[in-house]
>>> print(open('my_file_12.cif').read())   # mmCIF, C-alpha atoms and all ligand atoms
data_structure
#
loop_
_atom_site.label_atom_id
_atom_site.label_comp_id
_atom_site.auth_asym_id
_atom_site.auth_seq_id
_atom_site.Cartn_x
_atom_site.Cartn_y
_atom_site.Cartn_z
CA MET A 1315 9.11 -40.61 65.66
CA GLY A 1316 12.10 -38.27 65.71
CA ASN A 1317 15.85 -38.39 66.15
CA LYS A 1318 16.32 -40.66 63.17
CA THR A 1319 19.36 -40.14 60.99
CA ALA A 1320 19.04 -39.97 57.21
CA ILE A 1321 21.71 -39.69 54.55
CA ILE A 1322 20.66 -37.97 51.33
CA THR A 1323 22.74 -38.07 48.16
CA GLY A 1324 21.85 -35.42 45.58
CA ILE A 1325 21.04 -32.89 48.32
CA THR A 1326 22.17 -30.02 46.07
CA GLY A 1327 19.53 -31.01 43.49
CA GLN A 1328 15.83 -30.29 43.28
CA ASP A 1329 14.51 -33.35 45.11
CA GLY A 1330 17.31 -33.43 47.66
CA SER A 1331 16.41 -29.96 48.90
CA HIS A 1332 12.69 -30.77 49.18
CA LEU A 1333 13.40 -34.05 50.95
CA ALA A 1334 15.78 -32.32 53.37
CA ASP A 1335 13.03 -29.80 54.18
CA LEU A 1336 10.59 -32.64 54.88
CA LEU A 1337 12.97 -34.69 57.04
CA LEU A 1338 14.08 -31.65 59.05
CA GLU A 1339 10.42 -30.89 59.75
CA LYS A 1340 10.16 -34.43 61.08
CA ASN A 1341 13.17 -33.88 63.36
CA TYR A 1342 15.59 -36.08 61.48
CA ARG A 1343 19.29 -35.51 61.61
CA VAL A 1344 20.04 -34.94 57.93
CA ILE A 1345 23.41 -35.70 56.37
CA GLY A 1346 23.89 -34.46 52.80
CA ILE A 1347 26.58 -36.03 50.64
CA VAL A 1348 28.08 -33.19 48.64
CA ARG A 1349 30.56 -33.51 45.78
CA ARG A 1350 33.73 -31.47 45.87
CA ILE A 1351 34.05 -30.28 42.30
CA SER A 1352 35.32 -27.03 40.90
CA THR A 1353 33.10 -24.74 42.97
CA GLU A 1354 32.59 -24.56 46.70
CA PRO A 1355 29.93 -27.15 47.62
CA PRO A 1356 27.80 -24.74 49.70
CA SER A 1357 27.28 -22.54 46.66
CA ARG A 1358 25.26 -25.33 45.09
CA MET A 1359 23.15 -26.11 48.14
CA ARG A 1360 19.94 -24.18 48.85
CA ARG A 1361 20.95 -21.36 51.18
CA HIS A 1362 18.25 -22.10 53.77
CA LEU A 1363 19.70 -25.60 54.31
CA TRP A 1364 23.35 -24.66 54.88
CA ASP A 1365 23.20 -24.52 58.65
CA LYS A 1366 20.62 -27.24 59.16
CA VAL A 1367 22.20 -30.09 57.23
CA THR A 1368 25.51 -31.81 57.96
CA GLN A 1369 27.48 -31.70 54.75
CA PHE A 1370 29.67 -34.71 54.13
CA PRO A 1371 32.12 -34.67 51.22
CA GLY A 1372 31.52 -37.60 48.93
CA ASP A 1373 30.82 -38.84 45.46
CA LEU A 1374 28.89 -41.86 44.25
CA LEU A 1375 31.89 -42.76 42.12
CA ASP A 1376 34.09 -43.02 45.20
CA SER A 1377 33.00 -46.04 47.25
CA VAL A 1378 35.31 -45.11 50.11
CA SER A 1379 33.45 -41.84 50.64
CA ILE A 1380 30.12 -43.68 50.77
CA GLU A 1381 31.49 -46.24 53.22
CA ASN A 1382 32.90 -43.44 55.37
CA ALA A 1383 29.50 -41.73 55.50
CA ILE A 1384 27.71 -44.92 56.54
CA ASN A 1385 30.38 -45.78 59.12
CA GLU A 1386 30.37 -42.33 60.64
CA PHE A 1387 26.64 -41.63 60.76
CA GLN A 1388 25.07 -45.13 61.07
CA PRO A 1389 21.96 -44.00 59.17
CA ASP A 1390 18.45 -45.33 59.75
CA GLU A 1391 17.53 -44.30 56.21
CA PHE A 1392 19.53 -43.68 53.04
CA TYR A 1393 17.94 -41.81 50.12
CA ASN A 1394 19.87 -42.07 46.86
CA LEU A 1395 18.78 -39.07 44.78
CA ALA A 1396 22.14 -38.39 43.15
CA ALA A 1397 22.37 -38.92 39.41
CA GLN A 1398 23.40 -37.53 36.09
CA SER A 1399 19.69 -36.86 35.67
CA HIS A 1400 19.49 -35.09 32.29
CA VAL A 1401 18.19 -37.48 29.64
CA GLY A 1402 19.50 -35.51 26.64
CA MET A 1403 22.96 -35.24 28.20
CA SER A 1404 23.10 -39.01 28.66
CA TRP A 1405 23.76 -39.50 24.93
CA LYS A 1406 26.66 -37.06 25.18
CA GLN A 1407 28.12 -38.57 28.37
CA PRO A 1408 26.92 -42.19 28.37
CA GLU A 1409 29.88 -43.60 30.31
CA LEU A 1410 29.64 -41.02 33.07
CA THR A 1411 25.87 -41.50 33.21
CA SER A 1412 26.26 -45.28 33.56
CA ALA A 1413 28.99 -44.89 36.15
CA ILE A 1414 26.98 -42.56 38.39
CA ASP A 1415 23.48 -43.88 37.78
CA TYR A 1416 24.33 -47.61 37.92
CA PHE A 1417 27.74 -48.25 39.51
CA GLY A 1418 27.12 -45.48 42.03
CA VAL A 1419 24.07 -47.38 43.25
CA LEU A 1420 26.13 -50.56 43.52
CA ASN A 1421 28.63 -48.66 45.67
CA ILE A 1422 25.87 -47.68 48.08
CA LEU A 1423 24.16 -51.06 48.23
CA LYS A 1424 27.38 -52.97 48.84
CA ALA A 1425 28.35 -50.49 51.59
CA ILE A 1426 24.95 -50.90 53.27
CA LYS A 1427 25.21 -54.70 53.07
CA LEU A 1428 28.71 -54.68 54.52
CA LEU A 1429 28.44 -51.97 57.16
CA LYS A 1430 24.81 -51.47 58.23
CA PRO A 1431 22.37 -53.91 56.62
CA ASP A 1432 19.37 -52.66 58.60
CA THR A 1433 19.56 -49.24 56.86
CA ARG A 1434 16.39 -48.57 54.88
CA PHE A 1435 17.29 -47.61 51.32
CA TYR A 1436 15.41 -45.52 48.75
CA GLN A 1437 16.42 -45.65 45.08
CA ALA A 1438 15.29 -42.90 42.69
CA SER A 1439 13.95 -44.92 39.79
CA THR A 1440 12.15 -43.20 36.95
CA SER A 1441 9.23 -43.34 34.52
CA GLU A 1442 11.87 -43.06 31.76
CA MET A 1443 12.35 -46.81 32.28
CA PHE A 1444 8.95 -47.36 30.61
CA GLY A 1445 10.25 -45.49 27.55
CA LYS A 1446 8.46 -46.81 24.48
CA VAL A 1447 5.19 -47.43 26.28
CA GLU A 1448 2.51 -49.89 25.32
CA ASP A 1449 0.00 -49.15 28.12
CA GLU A 1450 -2.09 -46.00 28.18
CA PHE A 1451 -1.24 -45.64 31.88
CA GLN A 1452 1.98 -47.11 33.31
CA ASN A 1453 2.04 -48.97 36.61
CA GLU A 1454 4.40 -51.33 38.46
CA LYS A 1455 3.50 -54.18 36.07
CA SER A 1456 4.06 -52.29 32.81
CA ARG A 1457 6.82 -53.35 30.46
CA PHE A 1458 10.15 -51.52 30.64
CA TYR A 1459 11.64 -50.34 27.33
CA PRO A 1460 14.32 -47.71 28.08
CA ARG A 1461 15.08 -45.23 25.28
CA SER A 1462 18.25 -43.45 26.46
CA PRO A 1463 21.57 -44.29 28.13
CA TYR A 1464 20.09 -42.61 31.22
CA ALA A 1465 17.06 -44.87 31.27
CA VAL A 1466 19.16 -48.00 30.63
CA ALA A 1467 21.43 -47.17 33.59
CA LYS A 1468 18.44 -46.37 35.81
CA LEU A 1469 16.75 -49.64 34.86
CA ALA A 1470 19.91 -51.59 35.73
CA ALA A 1471 20.06 -49.80 39.09
CA HIS A 1472 16.36 -50.52 39.63
CA TRP A 1473 16.90 -54.27 39.17
CA LEU A 1474 20.07 -54.17 41.25
CA THR A 1475 18.09 -52.64 44.12
CA ILE A 1476 15.45 -55.36 43.83
CA ASN A 1477 18.22 -57.97 43.68
CA TYR A 1478 19.82 -56.70 46.91
CA ARG A 1479 16.40 -56.75 48.57
CA GLU A 1480 15.76 -60.34 47.49
CA SER A 1481 19.31 -61.65 47.98
CA TYR A 1482 20.30 -60.00 51.26
CA ASP A 1483 16.97 -59.04 52.84
CA ILE A 1484 17.78 -55.32 52.71
CA HIS A 1485 14.84 -52.93 53.20
CA ALA A 1486 15.33 -51.37 49.75
CA SER A 1487 12.51 -49.66 47.83
CA CYS A 1488 12.36 -48.02 44.41
CA GLY A 1489 10.16 -45.02 43.68
CA ILE A 1490 9.29 -45.03 39.99
CA LEU A 1491 8.67 -41.31 39.84
CA PHE A 1492 7.14 -39.50 36.88
CA ASN A 1493 8.35 -36.00 36.01
CA HIS A 1494 8.14 -33.60 38.91
CA GLU A 1495 9.01 -29.96 38.81
CA GLY A 1496 8.89 -26.72 40.74
CA PRO A 1497 10.81 -23.49 41.22
CA ARG A 1498 13.93 -25.44 42.26
CA ARG A 1499 14.04 -27.42 39.00
CA GLY A 1500 17.32 -27.28 37.04
CA LYS A 1501 17.26 -24.68 34.28
CA ASP A 1502 17.93 -27.10 31.42
CA PHE A 1503 14.81 -29.20 31.97
CA VAL A 1504 12.01 -28.15 29.66
CA THR A 1505 9.52 -26.83 32.24
CA ARG A 1506 11.97 -24.51 33.97
CA LYS A 1507 13.50 -23.45 30.65
CA ILE A 1508 10.01 -22.35 29.58
CA THR A 1509 8.99 -20.57 32.81
CA LEU A 1510 12.33 -18.76 33.02
CA HIS A 1511 12.02 -17.54 29.45
CA VAL A 1512 8.41 -16.46 29.97
CA ALA A 1513 9.41 -14.49 33.08
CA LYS A 1514 12.25 -12.78 31.21
CA HIS A 1515 9.85 -11.94 28.37
CA LYS A 1516 7.37 -10.40 30.78
CA LEU A 1517 10.10 -8.30 32.42
CA GLY A 1518 11.45 -7.14 29.05
CA LYS A 1519 14.77 -8.96 29.65
CA THR A 1520 14.62 -10.86 26.34
CA ASP A 1521 12.97 -10.29 23.00
CA LYS A 1522 14.30 -13.49 21.44
CA PRO A 1523 11.90 -16.36 20.72
CA LEU A 1524 12.00 -19.38 23.01
CA GLU A 1525 13.69 -22.28 21.19
CA LEU A 1526 12.52 -25.80 21.98
CA GLY A 1527 12.79 -29.33 20.60
CA ASN A 1528 9.91 -31.80 20.45
CA LEU A 1529 6.67 -29.94 21.28
CA ASN A 1530 4.57 -33.10 21.05
CA SER A 1531 6.10 -35.07 23.94
CA MET A 1532 3.54 -35.84 26.60
CA ARG A 1533 4.60 -35.91 30.24
CA ASP A 1534 2.84 -36.51 33.55
CA TRP A 1535 4.10 -33.42 35.40
CA GLY A 1536 3.64 -33.10 39.17
CA TYR A 1537 5.12 -30.97 41.95
CA ALA A 1538 8.41 -32.10 43.54
CA GLY A 1539 7.25 -31.12 47.05
CA ASP A 1540 4.43 -33.68 46.76
CA TYR A 1541 6.73 -36.42 45.47
CA VAL A 1542 9.31 -36.38 48.28
CA ARG A 1543 6.47 -37.27 50.69
CA ALA A 1544 6.06 -40.49 48.73
CA MET A 1545 9.79 -41.29 49.11
CA TRP A 1546 9.56 -40.95 52.87
CA LEU A 1547 6.34 -42.97 53.08
CA MET A 1548 7.99 -45.86 51.20
CA LEU A 1549 10.67 -46.18 53.86
CA GLN A 1550 8.09 -46.13 56.69
CA GLN A 1551 6.39 -49.33 55.43
CA ASP A 1552 7.07 -52.64 57.20
CA GLU A 1553 7.95 -54.26 53.89
CA PRO A 1554 10.08 -52.72 51.13
CA ASP A 1555 8.45 -52.46 47.70
CA ASP A 1556 8.37 -50.46 44.46
CA TYR A 1557 5.80 -47.79 43.71
CA VAL A 1558 4.76 -45.70 40.71
CA ILE A 1559 4.29 -42.04 41.63
CA GLY A 1560 2.55 -39.57 39.30
CA THR A 1561 -0.63 -37.55 38.82
CA GLY A 1562 -2.33 -39.67 36.14
CA LYS A 1563 -2.68 -36.63 33.86
CA SER A 1564 -0.49 -35.97 30.88
CA HIS A 1565 0.19 -32.77 28.92
CA SER A 1566 2.32 -31.94 25.89
CA VAL A 1567 5.29 -29.58 25.93
CA ARG A 1568 3.11 -27.28 23.78
CA ASP A 1569 0.40 -27.36 26.53
CA PHE A 1570 3.06 -26.34 29.05
CA VAL A 1571 4.12 -23.40 26.86
CA ASN A 1572 0.49 -22.31 26.48
CA ALA A 1573 -0.10 -22.48 30.24
CA ALA A 1574 3.11 -20.58 31.05
CA TYR A 1575 2.31 -17.73 28.66
CA ALA A 1576 -1.31 -17.72 29.89
CA ALA A 1577 0.08 -17.09 33.39
CA ILE A 1578 1.38 -13.71 32.16
CA GLY A 1579 -1.79 -12.98 30.18
CA ILE A 1580 -0.56 -13.98 26.71
CA SER A 1581 -2.36 -16.41 24.44
CA ILE A 1582 -0.39 -18.20 21.72
CA THR A 1583 -1.45 -18.95 18.15
CA TRP A 1584 0.41 -21.93 16.67
CA GLN A 1585 1.21 -22.17 12.97
CA GLY A 1586 3.13 -24.70 10.87
CA GLU A 1587 4.21 -28.25 11.65
CA GLY A 1588 7.30 -30.16 12.78
CA VAL A 1589 10.49 -28.10 12.62
CA ASP A 1590 8.49 -25.24 11.03
CA GLU A 1591 6.00 -24.94 13.87
CA LYS A 1592 5.96 -21.48 15.47
CA GLY A 1593 4.02 -19.83 18.28
CA TYR A 1594 2.89 -16.19 17.97
CA ASP A 1595 1.41 -13.73 20.44
CA SER A 1596 -2.28 -13.85 19.47
CA THR A 1597 -2.69 -10.13 20.17
CA ASN A 1598 0.24 -8.55 18.30
CA GLY A 1599 1.57 -11.39 16.09
CA LYS A 1600 5.06 -11.32 17.65
CA LEU A 1601 7.07 -14.55 17.24
CA LEU A 1602 7.44 -16.11 20.71
CA VAL A 1603 8.32 -19.79 20.20
CA GLN A 1604 10.16 -21.72 17.51
CA VAL A 1605 11.58 -25.21 17.08
CA ASN A 1606 15.32 -25.80 17.05
CA PRO A 1607 16.23 -29.35 16.01
CA LYS A 1608 19.34 -29.21 18.18
CA PHE A 1609 17.05 -30.01 21.11
CA PHE A 1610 15.67 -33.18 19.48
CA ARG A 1611 16.86 -36.47 21.00
CA PRO A 1612 18.18 -39.49 19.09
CA ALA A 1613 15.27 -41.50 20.53
CA GLU A 1614 12.25 -39.97 22.24
CA VAL A 1615 9.80 -41.05 24.92
CA ASP A 1616 6.52 -39.90 23.41
CA LEU A 1617 4.07 -40.38 26.25
CA LEU A 1618 4.18 -40.93 29.99
CA ARG A 1619 1.11 -41.14 32.23
CA ALA A 1620 1.09 -42.77 35.66
CA ASP A 1621 -1.27 -45.22 37.24
CA SER A 1622 -0.40 -44.65 40.91
CA SER A 1623 -3.25 -46.65 42.37
CA LYS A 1624 -0.87 -48.87 44.39
CA ALA A 1625 0.76 -45.85 46.09
CA ARG A 1626 -2.62 -44.24 46.66
CA GLU A 1627 -3.92 -47.39 48.33
CA LYS A 1628 -0.88 -48.64 50.25
CA LEU A 1629 0.88 -45.37 51.08
CA GLN A 1630 -2.23 -43.17 51.13
CA TRP A 1631 -0.23 -40.86 48.91
CA GLU A 1632 -2.01 -38.22 46.82
CA PRO A 1633 -0.53 -35.35 44.80
CA GLU A 1634 -1.87 -31.97 45.94
CA VAL A 1635 -0.66 -29.51 43.31
CA THR A 1636 -2.46 -29.47 39.92
CA PHE A 1637 -0.75 -28.92 36.55
CA GLU A 1638 -2.17 -25.39 36.27
CA ASP A 1639 -1.06 -24.48 39.81
CA LEU A 1640 2.40 -25.95 39.16
CA VAL A 1641 2.91 -23.84 36.03
CA SER A 1642 1.68 -20.65 37.76
CA MET A 1643 3.89 -21.37 40.79
CA MET A 1644 6.96 -21.74 38.56
CA VAL A 1645 6.23 -18.61 36.49
CA GLU A 1646 5.62 -16.55 39.64
CA ALA A 1647 8.85 -17.79 41.25
CA ASP A 1648 10.85 -16.97 38.12
CA LEU A 1649 9.27 -13.51 37.88
CA LYS A 1650 10.36 -12.90 41.46
CA GLU A 1651 13.87 -14.29 40.91
CA GLU A 1652 14.37 -12.34 37.68
CA SER A 1653 13.09 -9.10 39.27
CA ASN A 1654 15.86 -9.17 41.91
P1 LIG A 1701 18.97 -32.99 39.95
O1 LIG A 1701 18.32 -31.71 40.35
O2 LIG A 1701 19.63 -33.09 38.63
O3 LIG A 1701 20.04 -33.35 41.10
C1 LIG A 1701 21.00 -34.35 40.92
C2 LIG A 1701 21.88 -34.39 42.14
O4 LIG A 1701 22.83 -35.46 41.99
C3 LIG A 1701 22.70 -33.12 42.40
O5 LIG A 1701 22.68 -32.86 43.77
C4 LIG A 1701 24.11 -33.53 41.97
O6 LIG A 1701 25.11 -32.83 42.66
C5 LIG A 1701 24.10 -34.98 42.42
N1 LIG A 1701 25.16 -35.77 41.80
C6 LIG A 1701 25.41 -35.93 40.47
N2 LIG A 1701 26.46 -36.76 40.29
C7 LIG A 1701 26.91 -37.11 41.52
C8 LIG A 1701 27.96 -37.93 41.99
N3 LIG A 1701 28.79 -38.55 41.15
N4 LIG A 1701 28.12 -38.10 43.32
C9 LIG A 1701 27.30 -37.46 44.18
N5 LIG A 1701 26.28 -36.64 43.80
C10 LIG A 1701 26.08 -36.48 42.48
O7 LIG A 1701 17.93 -34.20 40.03
P2 LIG A 1701 16.46 -34.23 40.66
O8 LIG A 1701 15.48 -33.73 39.67
O9 LIG A 1701 16.50 -33.67 42.03
O10 LIG A 1701 16.22 -35.81 40.72
C11 LIG A 1701 16.62 -36.57 41.84
C12 LIG A 1701 16.74 -38.04 41.45
O11 LIG A 1701 15.50 -38.53 40.99
C13 LIG A 1701 17.73 -38.32 40.32
O12 LIG A 1701 18.31 -39.58 40.57
C14 LIG A 1701 16.86 -38.40 39.08
O13 LIG A 1701 17.46 -39.21 38.09
C15 LIG A 1701 15.61 -39.04 39.66
N6 LIG A 1701 14.33 -38.71 39.03
C16 LIG A 1701 13.97 -37.41 38.85
C17 LIG A 1701 12.73 -37.11 38.31
C18 LIG A 1701 12.28 -35.70 38.11
O14 LIG A 1701 11.31 -35.48 37.38
N7 LIG A 1701 12.89 -34.72 38.77
C19 LIG A 1701 11.85 -38.17 37.97
C20 LIG A 1701 12.27 -39.48 38.19
C21 LIG A 1701 13.50 -39.75 38.74
P3 LIG A 1701 25.90 -31.53 42.04
O15 LIG A 1701 25.17 -30.34 42.59
O16 LIG A 1701 27.26 -31.69 42.60
O17 LIG A 1701 25.83 -31.62 40.55
O1 LIG A 1702 12.37 -31.74 30.85
P1 LIG A 1702 13.01 -32.88 30.17
O2 LIG A 1702 14.45 -32.76 29.85
O3 LIG A 1702 12.71 -34.16 31.06
P2 LIG A 1702 12.71 -35.73 30.75
O4 LIG A 1702 13.54 -36.06 29.57
O5 LIG A 1702 11.28 -36.17 30.71
O6 LIG A 1702 13.43 -36.31 32.04
C1 LIG A 1702 13.08 -35.85 33.35
O7 LIG A 1702 12.06 -36.67 33.86
C2 LIG A 1702 12.43 -38.05 34.04
C3 LIG A 1702 11.18 -38.76 34.59
O8 LIG A 1702 10.37 -39.20 33.53
C4 LIG A 1702 13.59 -38.12 34.99
F1 LIG A 1702 13.94 -39.43 35.21
C5 LIG A 1702 14.77 -37.35 34.44
O9 LIG A 1702 15.83 -37.37 35.39
C6 LIG A 1702 14.34 -35.90 34.20
O10 LIG A 1702 14.08 -35.30 35.45
O11 LIG A 1702 12.25 -33.19 28.78
C7 LIG A 1702 10.86 -33.41 28.75
C8 LIG A 1702 10.41 -33.48 27.30
C9 LIG A 1702 11.26 -34.43 26.42
O12 LIG A 1702 10.41 -35.16 25.59
C10 LIG A 1702 12.12 -33.50 25.59
O13 LIG A 1702 12.48 -34.02 24.33
O14 LIG A 1702 10.56 -32.18 26.71
C11 LIG A 1702 11.16 -32.33 25.43
N1 LIG A 1702 11.82 -31.05 25.11
C12 LIG A 1702 11.46 -30.24 24.08
N2 LIG A 1702 12.27 -29.17 24.03
C13 LIG A 1702 12.88 -30.51 25.72
C14 LIG A 1702 13.16 -29.33 25.04
N3 LIG A 1702 13.60 -30.91 26.79
C15 LIG A 1702 14.62 -30.11 27.21
N4 LIG A 1702 15.32 -30.48 28.31
N5 LIG A 1702 14.94 -28.94 26.55
C16 LIG A 1702 14.24 -28.51 25.46
O15 LIG A 1702 14.54 -27.47 24.89
#
>>> encode(input="my_file_12.cif", output="structure tokens")
Amino acid sequence: MGNKTAIITGITGQDGSHLADLLLEKNYRVIGIVRRISTEPPSRMRRHLWDKVTQFPGDLLDSVSIENAINEFQPDEFYNLAAQSHVGMSWKQPELTSAIDYFGVLNILKAIKLLKPDTRFYQASTSEMFGKVEDEFQNEKSRFYPRSPYAVAKLAAHWLTINYRESYDIHASCGILFNHEGPRRGKDFVTRKITLHVAKHKLGKTDKPLELGNLNSMRDWGYAGDYVRAMWLMLQQDEPDDYVIGTGKSHSVRDFVNAAYAAIGISITWQGEGVDEKGYDSTNGKLLVQVNPKFFRPAEVDLLRADSSKAREKLQWEPEVTFEDLVSMMVEADLKEESN
């Protein structure tokens, strides 16, 4: 192994940075496609990667930039992690979400077919495609029922990837990843929003209550560092395929809040229901959490829980970080960041 070339889109995001770390460890030459928007691209990339990754200006919406990247670097592997990835935002920007999350994938696949059809391709599919679930655990055979413009676009891209595999014999695999988090998670996803607020509370930087939407949603939360290993493993298989990746354990948003406050030694007492539900510091009665309906979604995914037995068997993939360790890791990282 070694000296392979990989292109990563979405390198400035959470997963892109973890995957770049992994591939650099494995001696890959890593090319990161970076959008030129209103700020300097390097300011959005993790500082430790600046000198180690070749930054290539590009955008999924610009097929010429994708073709240029493939022509110039002749990649062995292409990981498409770029997306408008925020589910709530996808109702507010449905056209942009569809353009990036579906047509962007078409731009990559058609460029691979035309310019370097032996490139191995990874598509970032998502458990959101299961949406309104009917199985207690979701696996590769579960029904898809997307519940947001994001999930609809991702499902279309998922089938497009399968179609390119079947039509043109491209080594294209989809990772159906359940929620994965960590200190590099964007600040408007619920886990990071919670751990950041808890850290600020502990440091006396806020005395406002944390405002959240649906506290009852259940998610299968794992650690992003574990999940990028699965992406890489998929592209090392002789045959391309699709795999569900998750921990098999599910917790509510309320459970996550409890665990995050527990990490700074605070226990929460919950009172009320629905929009009136509130969380108080059990020791001094201070209001710490309240519901703000502005964070509710027009349609919700109530429960996600993965059955990853196929990945465990065929890829020998196992998650290493537990839910409790994940929450503590995120709170500790935010305490450190907020102390600086
Ligand atoms: P993220 O942190 O939101 O990162 C998204 C990345 O996409 C950023 O680097 C962003 O660049 C880039 N991007 C957005 N629009 C682009 C465009 N038009 N052209 C090029 N790049 C563009 O997402 P993540 O959590 O790392 O997730 C990675 C992928 O996995 C996404 O496709 C997401 O939908 C999918 N996924 C995530 C999870 C999860 O729990 N994290 C689970 C299942 C699937 P800028 O810095 O320029 O904005
Ligand atoms: O953290 P979230 O925004 O993540 P969501 O919607 O599950 O999507 C994430 O995981 C998907 C995989 O299943 C990815 F495909 C996707 O790209 C993204 O990474 O919300 C989690 C849950 C939802 O039910 C939401 O309604 O938390 C609930 N929630 C409650 N209060 C909130 C909030 N979500 C956010 N973002 N902000 C809140 O204040």
>>> atom_distance(input="my_file_12.cif", atom1="atom CA of Tyr1342 of chain A", atom2="atom CA of Lys1430 of chain A")
18.2 Å
>>> residues_around(input="my_file_12.cif", residues="Asp1648 of chain A", least_positions_apart="5", cutoff="8 Å", atoms="all atoms listed in the file", output="PyMOL selection string")
chain A and resi 1497+1509-1510+1513
>>> closest_residue(input="my_file_12.cif", among="A:Leu1420, A:Ile1559, A:Ala1396, A:Ile1322", to="ligand LIG 1701 (chain A)", atoms="all atoms listed in the file")
A:Ala1396
>>> residues_near_ligand(input="my_file_12.cif", ligand="ligand LIG 1702 (chain A)", cutoff="6 Å", atoms="only C-alpha atoms and all ligand atoms", output="JSON, numbers by chain")
{"A": [1399, 1400, 1401, 1440, 1441, 1442, 1492, 1493, 1502, 1503, 1504, 1505, 1526, 1527, 1528, 1529, 1531, 1567, 1609, 1610, 1615]}
>>> closest_residue(input="my_file_12.cif", among="A:Asp1415, A:Asp1365, A:Asp1569, A:Asp1552", to="Gly1346 of chain A", atoms="only C-alpha atoms")
A:Asp1365
>>> residues_near_ligand(input="my_file_12.cif", ligand="ligand LIG 1701 (chain A)", cutoff="8 Å", atoms="all atoms listed in the file", output="PyMOL selection string")
chain A and resi 1323-1331+1347-1351+1355+1358-1359+1372-1376+1394-1400+1414-1415+1418+1437-1442+1468+1489-1495+1498-1500+1535+1538
>>> atom_distance(input="my_file_12.cif", atom1="atom CA of Ala1573 of chain A", atom2="atom CA of His1515 of chain A")
14.6 Å
>>> closest_residue(input="my_file_12.cif", among="A:His1485, A:Lys1608, A:His1472, A:Arg1361", to="Phe1458 of chain A", atoms="all atoms listed in the file")
A:His1472
